[in-house]
>>> print(open('run06.cif').read())   # mmCIF, N, CA and C atoms
data_target
#
loop_
_atom_site.group_PDB
_atom_site.id
_atom_site.type_symbol
_atom_site.label_atom_id
_atom_site.label_comp_id
_atom_site.auth_asym_id
_atom_site.auth_seq_id
_atom_site.Cartn_x
_atom_site.Cartn_y
_atom_site.Cartn_z
ATOM 1 N N MET A 28 1.557 -0.450 -43.308
ATOM 2 C CA MET A 28 1.968 -0.264 -41.936
ATOM 3 C C MET A 28 1.208 0.883 -41.274
ATOM 4 N N ALA A 29 0.975 1.948 -41.998
ATOM 5 C CA ALA A 29 0.234 3.080 -41.446
ATOM 6 C C ALA A 29 -1.200 2.672 -41.113
ATOM 7 N N CYS A 30 -1.769 1.800 -41.903
ATOM 8 C CA CYS A 30 -3.131 1.332 -41.663
ATOM 9 C C CYS A 30 -3.224 0.566 -40.344
ATOM 10 N N ARG A 31 -2.218 -0.214 -40.049
ATOM 11 C CA ARG A 31 -2.203 -0.995 -38.816
ATOM 12 C C ARG A 31 -2.179 -0.083 -37.587
ATOM 13 N N PHE A 32 -1.393 0.980 -37.640
ATOM 14 C CA PHE A 32 -1.306 1.904 -36.513
ATOM 15 C C PHE A 32 -2.574 2.737 -36.368
ATOM 16 N N SER A 33 -3.207 3.088 -37.464
ATOM 17 C CA SER A 33 -4.412 3.905 -37.375
ATOM 18 C C SER A 33 -5.535 3.152 -36.666
ATOM 19 N N ARG A 34 -5.583 1.847 -36.825
ATOM 20 C CA ARG A 34 -6.581 1.057 -36.102
ATOM 21 C C ARG A 34 -6.291 1.049 -34.607
ATOM 22 N N LEU A 35 -5.028 1.025 -34.250
ATOM 23 C CA LEU A 35 -4.661 1.003 -32.838
ATOM 24 C C LEU A 35 -4.944 2.333 -32.158
ATOM 25 N N LEU A 36 -4.883 3.417 -32.887
ATOM 26 C CA LEU A 36 -5.075 4.736 -32.300
ATOM 27 C C LEU A 36 -6.539 5.129 -32.171
ATOM 28 N N ALA A 37 -7.422 4.390 -32.760
ATOM 29 C CA ALA A 37 -8.841 4.711 -32.694
ATOM 30 C C ALA A 37 -9.413 4.198 -31.371
ATOM 31 N N LEU A 38 -9.261 5.002 -30.326
ATOM 32 C CA LEU A 38 -9.757 4.631 -29.001
ATOM 33 C C LEU A 38 -11.037 5.393 -28.694
ATOM 34 N N ALA A 39 -11.913 4.762 -28.009
ATOM 35 C CA ALA A 39 -13.131 5.438 -27.585
ATOM 36 C C ALA A 39 -12.830 6.222 -26.311
ATOM 37 N N ILE A 40 -13.167 7.490 -26.320
ATOM 38 C CA ILE A 40 -12.964 8.342 -25.149
ATOM 39 C C ILE A 40 -14.330 8.671 -24.573
ATOM 40 N N LYS A 41 -14.472 8.417 -23.299
ATOM 41 C CA LYS A 41 -15.739 8.686 -22.637
ATOM 42 C C LYS A 41 -15.555 9.860 -21.686
ATOM 43 N N ILE A 42 -16.358 10.881 -21.861
ATOM 44 C CA ILE A 42 -16.321 12.043 -20.982
ATOM 45 C C ILE A 42 -17.198 11.722 -19.775
ATOM 46 N N ILE A 43 -16.629 11.879 -18.598
ATOM 47 C CA ILE A 43 -17.396 11.593 -17.389
ATOM 48 C C ILE A 43 -17.703 12.899 -16.659
ATOM 49 N N SER A 44 -18.757 12.880 -15.910
ATOM 50 C CA SER A 44 -19.159 14.041 -15.119
ATOM 51 C C SER A 44 -19.016 13.710 -13.648
ATOM 52 N N PRO A 45 -18.754 14.722 -12.829
ATOM 53 C CA PRO A 45 -18.656 14.447 -11.392
ATOM 54 C C PRO A 45 -20.005 14.003 -10.842
ATOM 55 N N THR A 46 -19.945 13.155 -9.848
ATOM 56 C CA THR A 46 -21.178 12.707 -9.211
ATOM 57 C C THR A 46 -21.483 13.605 -8.024
ATOM 58 N N LYS A 47 -22.733 13.709 -7.701
ATOM 59 C CA LYS A 47 -23.137 14.511 -6.552
ATOM 60 C C LYS A 47 -22.767 13.777 -5.277
ATOM 61 N N GLY A 48 -22.503 14.537 -4.258
ATOM 62 C CA GLY A 48 -22.172 13.925 -2.975
ATOM 63 C C GLY A 48 -20.827 14.402 -2.478
ATOM 64 N N LEU A 49 -20.335 13.701 -1.497
ATOM 65 C CA LEU A 49 -19.086 14.073 -0.846
ATOM 66 C C LEU A 49 -17.886 13.801 -1.744
ATOM 67 N N ASN A 50 -16.876 14.667 -1.653
ATOM 68 C CA ASN A 50 -15.630 14.373 -2.359
ATOM 69 C C ASN A 50 -14.877 13.291 -1.587
ATOM 70 N N THR A 51 -13.790 12.813 -2.134
ATOM 71 C CA THR A 51 -13.074 11.680 -1.531
ATOM 72 C C THR A 51 -12.546 12.010 -0.143
ATOM 73 N N SER A 52 -12.003 13.207 0.050
ATOM 74 C CA SER A 52 -11.498 13.586 1.377
ATOM 75 C C SER A 52 -12.620 13.583 2.410
ATOM 76 N N ALA A 53 -13.768 14.098 2.034
ATOM 77 C CA ALA A 53 -14.909 14.109 2.952
ATOM 78 C C ALA A 53 -15.406 12.689 3.226
ATOM 79 N N GLN A 54 -15.376 11.820 2.224
ATOM 80 C CA GLN A 54 -15.768 10.422 2.425
ATOM 81 C C GLN A 54 -14.811 9.730 3.389
ATOM 82 N N ILE A 55 -13.521 10.001 3.236
ATOM 83 C CA ILE A 55 -12.524 9.421 4.144
ATOM 84 C C ILE A 55 -12.811 9.874 5.567
ATOM 85 N N PHE A 56 -12.972 11.180 5.750
ATOM 86 C CA PHE A 56 -13.190 11.738 7.087
ATOM 87 C C PHE A 56 -14.467 11.174 7.712
ATOM 88 N N GLU A 57 -15.522 11.067 6.921
ATOM 89 C CA GLU A 57 -16.786 10.518 7.423
ATOM 90 C C GLU A 57 -16.631 9.051 7.826
ATOM 91 N N LEU A 58 -15.970 8.253 7.005
ATOM 92 C CA LEU A 58 -15.773 6.834 7.299
ATOM 93 C C LEU A 58 -14.912 6.644 8.544
ATOM 94 N N MET A 59 -13.926 7.503 8.719
ATOM 95 C CA MET A 59 -13.018 7.370 9.858
ATOM 96 C C MET A 59 -13.720 7.583 11.197
ATOM 97 N N GLN A 60 -14.863 8.214 11.201
ATOM 98 C CA GLN A 60 -15.628 8.402 12.438
ATOM 99 C C GLN A 60 -16.028 7.052 13.043
ATOM 100 N N PHE A 61 -16.151 6.039 12.191
ATOM 101 C CA PHE A 61 -16.562 4.706 12.641
ATOM 102 C C PHE A 61 -15.384 3.821 13.045
ATOM 103 N N TYR A 62 -14.164 4.352 12.940
ATOM 104 C CA TYR A 62 -12.960 3.588 13.279
ATOM 105 C C TYR A 62 -12.099 4.373 14.268
ATOM 106 N N PRO A 63 -12.554 4.514 15.516
ATOM 107 C CA PRO A 63 -11.777 5.294 16.494
ATOM 108 C C PRO A 63 -10.398 4.696 16.770
ATOM 109 N N GLN A 64 -10.240 3.396 16.555
ATOM 110 C CA GLN A 64 -8.942 2.744 16.759
ATOM 111 C C GLN A 64 -7.997 3.019 15.592
ATOM 112 N N GLY A 65 -8.524 3.524 14.490
ATOM 113 C CA GLY A 65 -7.728 3.855 13.316
ATOM 114 C C GLY A 65 -8.002 2.921 12.157
ATOM 115 N N ILE A 66 -7.557 3.329 10.992
ATOM 116 C CA ILE A 66 -7.775 2.561 9.769
ATOM 117 C C ILE A 66 -6.577 2.776 8.840
ATOM 118 N N THR A 67 -6.217 1.744 8.108
ATOM 119 C CA THR A 67 -5.088 1.837 7.174
ATOM 120 C C THR A 67 -5.585 2.284 5.800
ATOM 121 N N VAL A 68 -4.655 2.712 4.966
ATOM 122 C CA VAL A 68 -5.012 3.135 3.622
ATOM 123 C C VAL A 68 -5.551 1.962 2.804
ATOM 124 N N GLN A 69 -5.051 0.755 3.055
ATOM 125 C CA GLN A 69 -5.558 -0.418 2.336
ATOM 126 C C GLN A 69 -7.023 -0.684 2.705
ATOM 127 N N GLU A 70 -7.356 -0.541 3.991
ATOM 128 C CA GLU A 70 -8.750 -0.728 4.417
ATOM 129 C C GLU A 70 -9.642 0.358 3.825
ATOM 130 N N LEU A 71 -9.153 1.594 3.809
ATOM 131 C CA LEU A 71 -9.921 2.677 3.191
ATOM 132 C C LEU A 71 -10.159 2.393 1.710
ATOM 133 N N SER A 72 -9.139 1.901 1.036
ATOM 134 C CA SER A 72 -9.249 1.588 -0.386
ATOM 135 C C SER A 72 -10.333 0.546 -0.641
ATOM 136 N N GLN A 73 -10.386 -0.470 0.192
ATOM 137 C CA GLN A 73 -11.403 -1.516 0.040
ATOM 138 C C GLN A 73 -12.803 -0.971 0.310
ATOM 139 N N ARG A 74 -12.944 -0.161 1.335
ATOM 140 C CA ARG A 74 -14.272 0.318 1.721
ATOM 141 C C ARG A 74 -14.808 1.413 0.796
ATOM 142 N N LEU A 75 -13.909 2.258 0.275
ATOM 143 C CA LEU A 75 -14.344 3.366 -0.575
ATOM 144 C C LEU A 75 -14.210 3.070 -2.068
ATOM 145 N N ASN A 76 -13.596 1.934 -2.395
ATOM 146 C CA ASN A 76 -13.387 1.554 -3.799
ATOM 147 C C ASN A 76 -12.641 2.650 -4.565
ATOM 148 N N ARG A 77 -11.552 3.095 -3.967
ATOM 149 C CA ARG A 77 -10.696 4.110 -4.567
ATOM 150 C C ARG A 77 -9.262 3.588 -4.565
ATOM 151 N N PRO A 78 -8.453 4.002 -5.524
ATOM 152 C CA PRO A 78 -7.060 3.545 -5.542
ATOM 153 C C PRO A 78 -6.266 4.126 -4.373
ATOM 154 N N VAL A 79 -5.304 3.360 -3.907
ATOM 155 C CA VAL A 79 -4.465 3.768 -2.782
ATOM 156 C C VAL A 79 -3.764 5.090 -3.088
ATOM 157 N N SER A 80 -3.319 5.270 -4.326
ATOM 158 C CA SER A 80 -2.608 6.502 -4.689
ATOM 159 C C SER A 80 -3.483 7.736 -4.477
ATOM 160 N N MET A 81 -4.758 7.659 -4.843
ATOM 161 C CA MET A 81 -5.679 8.771 -4.642
ATOM 162 C C MET A 81 -5.897 9.021 -3.152
ATOM 163 N N LEU A 82 -6.076 7.943 -2.400
ATOM 164 C CA LEU A 82 -6.313 8.076 -0.968
ATOM 165 C C LEU A 82 -5.100 8.665 -0.258
ATOM 166 N N ASN A 83 -3.901 8.286 -0.691
ATOM 167 C CA ASN A 83 -2.694 8.844 -0.080
ATOM 168 C C ASN A 83 -2.631 10.355 -0.245
ATOM 169 N N LEU A 84 -3.024 10.866 -1.403
ATOM 170 C CA LEU A 84 -3.055 12.318 -1.613
ATOM 171 C C LEU A 84 -4.059 12.985 -0.678
ATOM 172 N N CYS A 85 -5.231 12.395 -0.560
ATOM 173 C CA CYS A 85 -6.264 12.946 0.320
ATOM 174 C C CYS A 85 -5.833 12.877 1.783
ATOM 175 N N LEU A 86 -5.241 11.752 2.181
ATOM 176 C CA LEU A 86 -4.787 11.592 3.563
ATOM 177 C C LEU A 86 -3.695 12.598 3.895
ATOM 178 N N LYS A 87 -2.794 12.831 2.963
ATOM 179 C CA LYS A 87 -1.725 13.810 3.173
ATOM 180 C C LYS A 87 -2.318 15.195 3.430
ATOM 181 N N SER A 88 -3.331 15.546 2.668
ATOM 182 C CA SER A 88 -3.999 16.833 2.838
ATOM 183 C C SER A 88 -4.735 16.913 4.178
ATOM 184 N N LEU A 89 -5.410 15.833 4.559
ATOM 185 C CA LEU A 89 -6.134 15.810 5.835
ATOM 186 C C LEU A 89 -5.179 15.881 7.026
ATOM 187 N N VAL A 90 -4.028 15.239 6.925
ATOM 188 C CA VAL A 90 -3.022 15.306 7.994
ATOM 189 C C VAL A 90 -2.466 16.728 8.077
ATOM 190 N N ALA A 91 -2.173 17.336 6.927
ATOM 191 C CA ALA A 91 -1.631 18.699 6.897
ATOM 192 C C ALA A 91 -2.612 19.706 7.489
ATOM 193 N N SER A 92 -3.909 19.472 7.282
ATOM 194 C CA SER A 92 -4.925 20.373 7.832
ATOM 195 C C SER A 92 -5.290 20.025 9.274
ATOM 196 N N LYS A 93 -4.599 19.027 9.827
ATOM 197 C CA LYS A 93 -4.750 18.589 11.222
ATOM 198 C C LYS A 93 -6.149 18.069 11.556
ATOM 199 N N LYS A 94 -6.841 17.531 10.557
ATOM 200 C CA LYS A 94 -8.139 16.903 10.793
ATOM 201 C C LYS A 94 -7.977 15.456 11.225
ATOM 202 N N ILE A 95 -6.891 14.824 10.762
ATOM 203 C CA ILE A 95 -6.611 13.442 11.151
ATOM 204 C C ILE A 95 -5.161 13.331 11.605
ATOM 205 N N LEU A 96 -4.880 12.257 12.317
ATOM 206 C CA LEU A 96 -3.528 11.960 12.781
ATOM 207 C C LEU A 96 -3.035 10.695 12.095
ATOM 208 N N ALA A 97 -1.730 10.613 11.901
ATOM 209 C CA ALA A 97 -1.114 9.422 11.308
ATOM 210 C C ALA A 97 -0.072 8.887 12.276
ATOM 211 N N ARG A 98 -0.100 7.572 12.473
ATOM 212 C CA ARG A 98 0.925 6.940 13.313
ATOM 213 C C ARG A 98 1.379 5.660 12.628
ATOM 214 N N LYS A 99 2.638 5.345 12.821
ATOM 215 C CA LYS A 99 3.203 4.139 12.211
ATOM 216 C C LYS A 99 2.976 2.970 13.158
ATOM 217 N N ASN A 100 2.396 1.900 12.642
ATOM 218 C CA ASN A 100 2.145 0.688 13.414
ATOM 219 C C ASN A 100 2.776 -0.465 12.639
ATOM 220 N N HIS A 101 3.921 -0.928 13.113
ATOM 221 C CA HIS A 101 4.699 -1.957 12.415
ATOM 222 C C HIS A 101 5.099 -1.426 11.038
ATOM 223 N N ASN A 102 4.591 -2.004 9.966
ATOM 224 C CA ASN A 102 4.999 -1.598 8.616
ATOM 225 C C ASN A 102 3.991 -0.708 7.906
ATOM 226 N N GLN A 103 2.915 -0.320 8.563
ATOM 227 C CA GLN A 103 1.918 0.480 7.867
ATOM 228 C C GLN A 103 1.467 1.666 8.708
ATOM 229 N N TRP A 104 0.950 2.660 8.005
ATOM 230 C CA TRP A 104 0.429 3.846 8.667
ATOM 231 C C TRP A 104 -1.029 3.610 9.042
ATOM 232 N N VAL A 105 -1.387 4.073 10.235
ATOM 233 C CA VAL A 105 -2.766 3.993 10.721
ATOM 234 C C VAL A 105 -3.246 5.427 10.919
ATOM 235 N N TYR A 106 -4.424 5.712 10.406
ATOM 236 C CA TYR A 106 -4.977 7.064 10.449
ATOM 237 C C TYR A 106 -6.173 7.105 11.391
ATOM 238 N N THR A 107 -6.221 8.149 12.227
ATOM 239 C CA THR A 107 -7.330 8.346 13.157
ATOM 240 C C THR A 107 -7.789 9.796 13.075
ATOM 241 N N VAL A 108 -9.028 10.027 13.484
ATOM 242 C CA VAL A 108 -9.561 11.386 13.537
ATOM 243 C C VAL A 108 -8.906 12.102 14.707
ATOM 244 N N ASP A 109 -8.500 13.346 14.481
ATOM 245 C CA ASP A 109 -7.929 14.159 15.552
ATOM 246 C C ASP A 109 -9.082 14.729 16.368
ATOM 247 N N LYS A 110 -9.228 14.273 17.592
ATOM 248 C CA LYS A 110 -10.339 14.705 18.449
ATOM 249 C C LYS A 110 -10.247 16.186 18.797
ATOM 250 N N LYS A 111 -9.057 16.776 18.666
ATOM 251 C CA LYS A 111 -8.879 18.195 18.964
ATOM 252 C C LYS A 111 -9.372 19.085 17.828
ATOM 253 N N ALA A 112 -9.530 18.506 16.643
ATOM 254 C CA ALA A 112 -9.905 19.314 15.463
ATOM 255 C C ALA A 112 -11.345 19.758 15.507
#
>>> encode(input="run06.cif", output="structure tokens")
Amino acid sequence: MACRFSRLLALAIKIISPTKGLNTSAQIFELMQFYPQGITVQELSQRLNRPVSMLNLCLKSLVASKKILARKNHNQWVYTVDKKA
């Protein structure tokens, strides 16, 4: 029985390094410049190939720093660049 579990625990771990370029929050802010009418988190997820959960954290930070605005449109949030920022 111990032999069976030891095979299951032998997982390959890959160490990844950060890539050069903009971080996710900066990518969101840059992309939003092209959507003055606003963009949803689902659309951002498709365009940036990032999980919604990660984008929600970044969007929360951008809203708190007053770089973007959030408004509820029916059942989803729409995010726009704050022109005053």
>>> select_by_dssp(input="run06.cif", residues="chain A", states="helix (DSSP H, G or I)", output="ChimeraX atom specification")
/A:29-36,51-59,68-75,79-91
>>> resolve_selection(input="run06.cif", expression="the PyMOL selection byres ((chain A and resi 68) around 7)", output="PyMOL selection string")
chain A and resi 66-67+69-73+79+82-83+104-106
>>> residues_near_point(input="run06.cif", point="(-4.3, 12.8, 12.8)", cutoff="8 Å", atoms="all atoms listed in the file", output="number ranges by chain")
A: 89-91, 93-98, 105-110
>>> atom_distance(input="run06.cif", atom1="atom N of A:Asn76", atom2="atom N of A:Thr46")
14.9 Å
>>> axis_aligned_box(input="run06.cif", around="stretch 89-93 of chain A", padding_each_side="5 Å", output="lines of an AutoDock Vina configuration file")
center_x = -3.9
center_y = 17.8
center_z = 8.1
size_x = 14.5
size_y = 15.1
size_z = 17.0
>>> atom_distance(input="run06.cif", atom1="atom CA of A:Met81", atom2="atom CA of A:Asn100")
21.3 Å
>>> closest_residue(input="run06.cif", among="A:Lys111, A:Ile42, A:Leu86, A:Ser80", to="A:Ile55", atoms="only C-alpha atoms")
A:Leu86
>>> atom_distance(input="run06.cif", atom1="atom CA of A:Arg77", atom2="atom N of A:Ala39")
23.5 Å
>>> select_by_dssp(input="run06.cif", residues="chain A", states="strand (DSSP E or B)", output="list in words")
Ile66, Thr67, Ile95, Leu96, Ala97, Arg98, Lys99, Asn100, Gln103, Trp104, Val105, Tyr106, Thr107 and Val108 of chain A
